[in-house]
Amino acid sequence: LLPLEGNRVHVALIGMCKDYPPTDEVGFTDFLKGLSETRMYDLLKDAKPLSPISGYRQAQNIRYHYERLTRWPENFVVSGDAVLAFNPVYGQGMTVAVLSALKLDECLQAHLAHDTNLTGFAKNFLKEQGAVQAFSWQLATGEDMRWASEIEGFPAKPGMMEAFRLGFLRKVMIASTTDAVVAEALYRVMNMVATPSVFFRPTIMARIVRAS
């Protein structure tokens, strides 16, 4: 629920595993009312819709590990959605594309500083780009792992480290519903202006523990 100018709000509902929000007004409102957290419904039940409800179900995350190929054409690089395409709900696609472009510039400037021959550059860049994209990929797919047992292609049970990470992130999300400081930290991480290490600052960690 995002406030906009002119006393308006933007509302987005997300469903998983075939439990999807309807796109008709009555069904949308009923779905909203059925959430375990009722504050959104309480805020919106008397609101006036300003546009039709739109929906989409193109929700997969796709990553191509071109950096793992043993052969690669010289002077040819791949970036943006051609390498990493996210479920749009996470809102990270353009940010990751920009970070990849910045990494390309950084790598190119470093390479040209000592060698004008670009042989081998493309493959080295793909490895550097993969490192830039790793965190956002873990964040998006890690969230999807909450429904791993119901989603085709995921392992039925996450590994020990993945289970710990998911459990901790769940505590962060629970805390963010009642603590504005934790909520701000969470959104900074989700929007890639902060790293997950922010959650382990003593002041933030104390709030997460207290809320959970």
# chains A, B, ... in the order shown; residues from 1 in each chain; ligands from 1
>>> select_by_dssp(residues="region 21-184 of chain A", states="helix (DSSP H, G or I)", output="ChimeraX atom specification")
/A:25-33,39-44,66-68,80-82,88-90,93-112,121-150,160-176,180-184
>>> residues_around(residues="Asn87 (chain A)", least_positions_apart="2", cutoff="10 Å", atoms="only C-alpha atoms", output="list in words")
Arg57, Gln58, Ala59, Gln60, Asn61, Ile62, Ala85, Val89, Tyr90, Gly91, Gln92, Gly93, Ala140, Thr141 and Asp144 of chain A
>>> write_last_selection(atoms="N, CA and C atoms", output="PDB file, in the first residue's frame")
ATOM      1  N   ARG A  57       0.607 -12.864 -14.185  1.00  0.00           N
ATOM      2  CA  ARG A  57       1.105 -14.101 -13.576  1.00  0.00           C
ATOM      3  C   ARG A  57       2.427 -14.543 -14.209  1.00  0.00           C
ATOM      4  N   GLN A  58       3.151 -13.587 -14.759  1.00  0.00           N
ATOM      5  CA  GLN A  58       4.479 -13.873 -15.302  1.00  0.00           C
ATOM      6  C   GLN A  58       5.453 -13.660 -14.159  1.00  0.00           C
ATOM      7  N   ALA A  59       5.706 -14.689 -13.379  1.00  0.00           N
ATOM      8  CA  ALA A  59       6.359 -14.480 -12.088  1.00  0.00           C
ATOM      9  C   ALA A  59       7.652 -15.262 -11.890  1.00  0.00           C
ATOM     10  N   GLN A  60       8.202 -15.835 -12.950  1.00  0.00           N
ATOM     11  CA  GLN A  60       9.413 -16.643 -12.743  1.00  0.00           C
ATOM     12  C   GLN A  60      10.667 -15.780 -12.680  1.00  0.00           C
ATOM     13  N   ASN A  61      11.686 -16.295 -12.000  1.00  0.00           N
ATOM     14  CA  ASN A  61      13.019 -15.695 -12.000  1.00  0.00           C
ATOM     15  C   ASN A  61      13.906 -16.543 -12.916  1.00  0.00           C
ATOM     16  N   ILE A  62      14.668 -15.896 -13.804  1.00  0.00           N
ATOM     17  CA  ILE A  62      15.512 -16.619 -14.755  1.00  0.00           C
ATOM     18  C   ILE A  62      16.928 -16.052 -14.700  1.00  0.00           C
ATOM     19  N   ALA A  85      16.596 -12.135 -15.214  1.00  0.00           N
ATOM     20  CA  ALA A  85      15.252 -11.568 -15.295  1.00  0.00           C
ATOM     21  C   ALA A  85      14.476 -11.966 -14.046  1.00  0.00           C
ATOM     22  N   VAL A  89       7.538  -8.475  -9.197  1.00  0.00           N
ATOM     23  CA  VAL A  89       7.054  -8.051  -7.887  1.00  0.00           C
ATOM     24  C   VAL A  89       8.192  -7.573  -6.990  1.00  0.00           C
ATOM     25  N   TYR A  90       9.413  -8.035  -7.246  1.00  0.00           N
ATOM     26  CA  TYR A  90      10.528  -7.638  -6.388  1.00  0.00           C
ATOM     27  C   TYR A  90      11.117  -6.288  -6.780  1.00  0.00           C
ATOM     28  N   GLY A  91      10.792  -5.787  -7.955  1.00  0.00           N
ATOM     29  CA  GLY A  91      11.191  -4.441  -8.346  1.00  0.00           C
ATOM     30  C   GLY A  91      12.690  -4.221  -8.389  1.00  0.00           C
ATOM     31  N   GLN A  92      13.461  -5.242  -8.802  1.00  0.00           N
ATOM     32  CA  GLN A  92      14.909  -5.112  -8.797  1.00  0.00           C
ATOM     33  C   GLN A  92      15.530  -5.116 -10.195  1.00  0.00           C
ATOM     34  N   GLY A  93      14.755  -5.412 -11.210  1.00  0.00           N
ATOM     35  CA  GLY A  93      15.300  -5.610 -12.542  1.00  0.00           C
ATOM     36  C   GLY A  93      16.087  -4.428 -13.074  1.00  0.00           C
ATOM     37  N   ALA A 140      15.679 -12.646  -4.190  1.00  0.00           N
ATOM     38  CA  ALA A 140      14.434 -12.974  -4.892  1.00  0.00           C
ATOM     39  C   ALA A 140      14.093 -14.457  -4.771  1.00  0.00           C
ATOM     40  N   THR A 141      15.046 -15.323  -5.066  1.00  0.00           N
ATOM     41  CA  THR A 141      14.759 -16.756  -5.015  1.00  0.00           C
ATOM     42  C   THR A 141      14.601 -17.246  -3.580  1.00  0.00           C
ATOM     43  N   ASP A 144      11.053 -16.790  -2.648  1.00  0.00           N
ATOM     44  CA  ASP A 144      10.213 -17.817  -3.264  1.00  0.00           C
ATOM     45  C   ASP A 144      10.350 -19.166  -2.555  1.00  0.00           C
TER      46      ASP A 144
END
>>> atom_distance(atom1="CA of Lys18 (chain A)", atom2="CA of Glu37 (chain A)")
20.0 Å
>>> closest_residue(among="A:Asp81, A:Gly142, A:Phe76, A:Asn191", to="Gly159 (chain A)", atoms="only C-alpha atoms")
A:Gly142
>>> residues_around(residues="Lys171 (chain A)", least_positions_apart="3", cutoff="12 Å", atoms="only C-alpha atoms", output="list in words")
Phe164, Arg165, Leu166, Gly167, Phe168, Ile174, Ala175, Ser176, Thr177, Thr178, Asp179, Val182, Ala183, Leu186, Phe199, Ile204, Met205, Ala206, Arg207, Ile208, Val209, Arg210, Ala211 and Ser212 of chain A
>>> write_last_selection(atoms="C-alpha atoms", output="PDB file, in the first residue's frame")
ATOM      1  CA  PHE A 164      18.361 -20.295   8.734  1.00  0.00           C
ATOM      2  CA  ARG A 165      18.328 -17.397   6.287  1.00  0.00           C
ATOM      3  CA  LEU A 166      14.623 -17.850   5.547  1.00  0.00           C
ATOM      4  CA  GLY A 167      13.798 -18.101   9.255  1.00  0.00           C
ATOM      5  CA  PHE A 168      15.691 -14.927  10.042  1.00  0.00           C
ATOM      6  CA  ILE A 174       7.235  -9.780  11.112  1.00  0.00           C
ATOM      7  CA  ALA A 175       9.106  -7.028  12.943  1.00  0.00           C
ATOM      8  CA  SER A 176       8.693  -4.666   9.982  1.00  0.00           C
ATOM      9  CA  THR A 177       4.887  -4.722  10.346  1.00  0.00           C
ATOM     10  CA  THR A 178       5.047  -3.031  13.759  1.00  0.00           C
ATOM     11  CA  ASP A 179       8.468  -1.326  13.869  1.00  0.00           C
ATOM     12  CA  VAL A 182      13.022  -2.276  10.935  1.00  0.00           C
ATOM     13  CA  ALA A 183      10.636  -1.581   8.042  1.00  0.00           C
ATOM     14  CA  LEU A 186      14.061  -3.909   5.136  1.00  0.00           C
ATOM     15  CA  PHE A 199      19.935  -6.175  10.111  1.00  0.00           C
ATOM     16  CA  ILE A 204      18.190  -3.155  14.601  1.00  0.00           C
ATOM     17  CA  MET A 205      18.765  -6.695  15.877  1.00  0.00           C
ATOM     18  CA  ALA A 206      17.303  -5.761  19.270  1.00  0.00           C
ATOM     19  CA  ARG A 207      14.140  -4.503  17.576  1.00  0.00           C
ATOM     20  CA  ILE A 208      13.834  -7.680  15.469  1.00  0.00           C
ATOM     21  CA  VAL A 209      14.232  -9.919  18.519  1.00  0.00           C
ATOM     22  CA  ARG A 210      11.787  -7.865  20.561  1.00  0.00           C
ATOM     23  CA  ALA A 211       9.129  -7.980  17.843  1.00  0.00           C
ATOM     24  CA  SER A 212       9.432 -11.735  17.203  1.00  0.00           C
TER      25      SER A 212
END
>>> residues_around(residues="Phe28 (chain A)", least_positions_apart="5", cutoff="9 Å", atoms="only C-alpha atoms", output="list of chain:residue names")
A:Leu13, A:Pro21, A:Pro22, A:Thr23, A:Lys33, A:Ile53
>>> residues_around(residues="Leu108 (chain A)", least_positions_apart="4", cutoff="10 Å", atoms="only C-alpha atoms", output="mmCIF file with C-alpha atoms, in the first residue's frame")
data_model
loop_
_atom_site.group_PDB
_atom_site.id
_atom_site.type_symbol
_atom_site.label_atom_id
_atom_site.label_comp_id
_atom_site.auth_asym_id
_atom_site.auth_seq_id
_atom_site.Cartn_x
_atom_site.Cartn_y
_atom_site.Cartn_z
ATOM 1 C CA LEU A 102 28.290 0.433 -13.959
ATOM 2 C CA LYS A 103 30.336 -2.740 -13.504
ATOM 3 C CA LEU A 104 30.868 -2.892 -17.281
ATOM 4 C CA LEU A 112 41.956 -0.162 -21.041
ATOM 5 C CA ALA A 113 44.233 1.452 -18.474
ATOM 6 C CA THR A 116 43.889 -1.676 -25.492
ATOM 7 C CA LEU A 118 40.079 -6.486 -25.531
ATOM 8 C CA PHE A 121 37.738 -8.971 -21.581
ATOM 9 C CA ALA A 122 34.205 -10.213 -22.231
ATOM 10 C CA PHE A 125 33.420 -9.079 -17.281
#
>>> closest_residue(among="A:Arg68, A:Gln138, A:Gly120, A:Gln129", to="Ala97 (chain A)", atoms="only C-alpha atoms")
A:Gln129
>>> atom_distance(atom1="CA of Val83 (chain A)", atom2="CA of Tyr64 (chain A)")
5.2 Å
>>> closest_residue(among="A:Met94, A:Leu4, A:Ala101, A:Val172", to="Val78 (chain A)", atoms="only C-alpha atoms")
A:Ala101
>>> residues_around(residues="Val193 (chain A)", least_positions_apart="6", cutoff="12 Å", atoms="only C-alpha atoms", output="count of residues only")
9
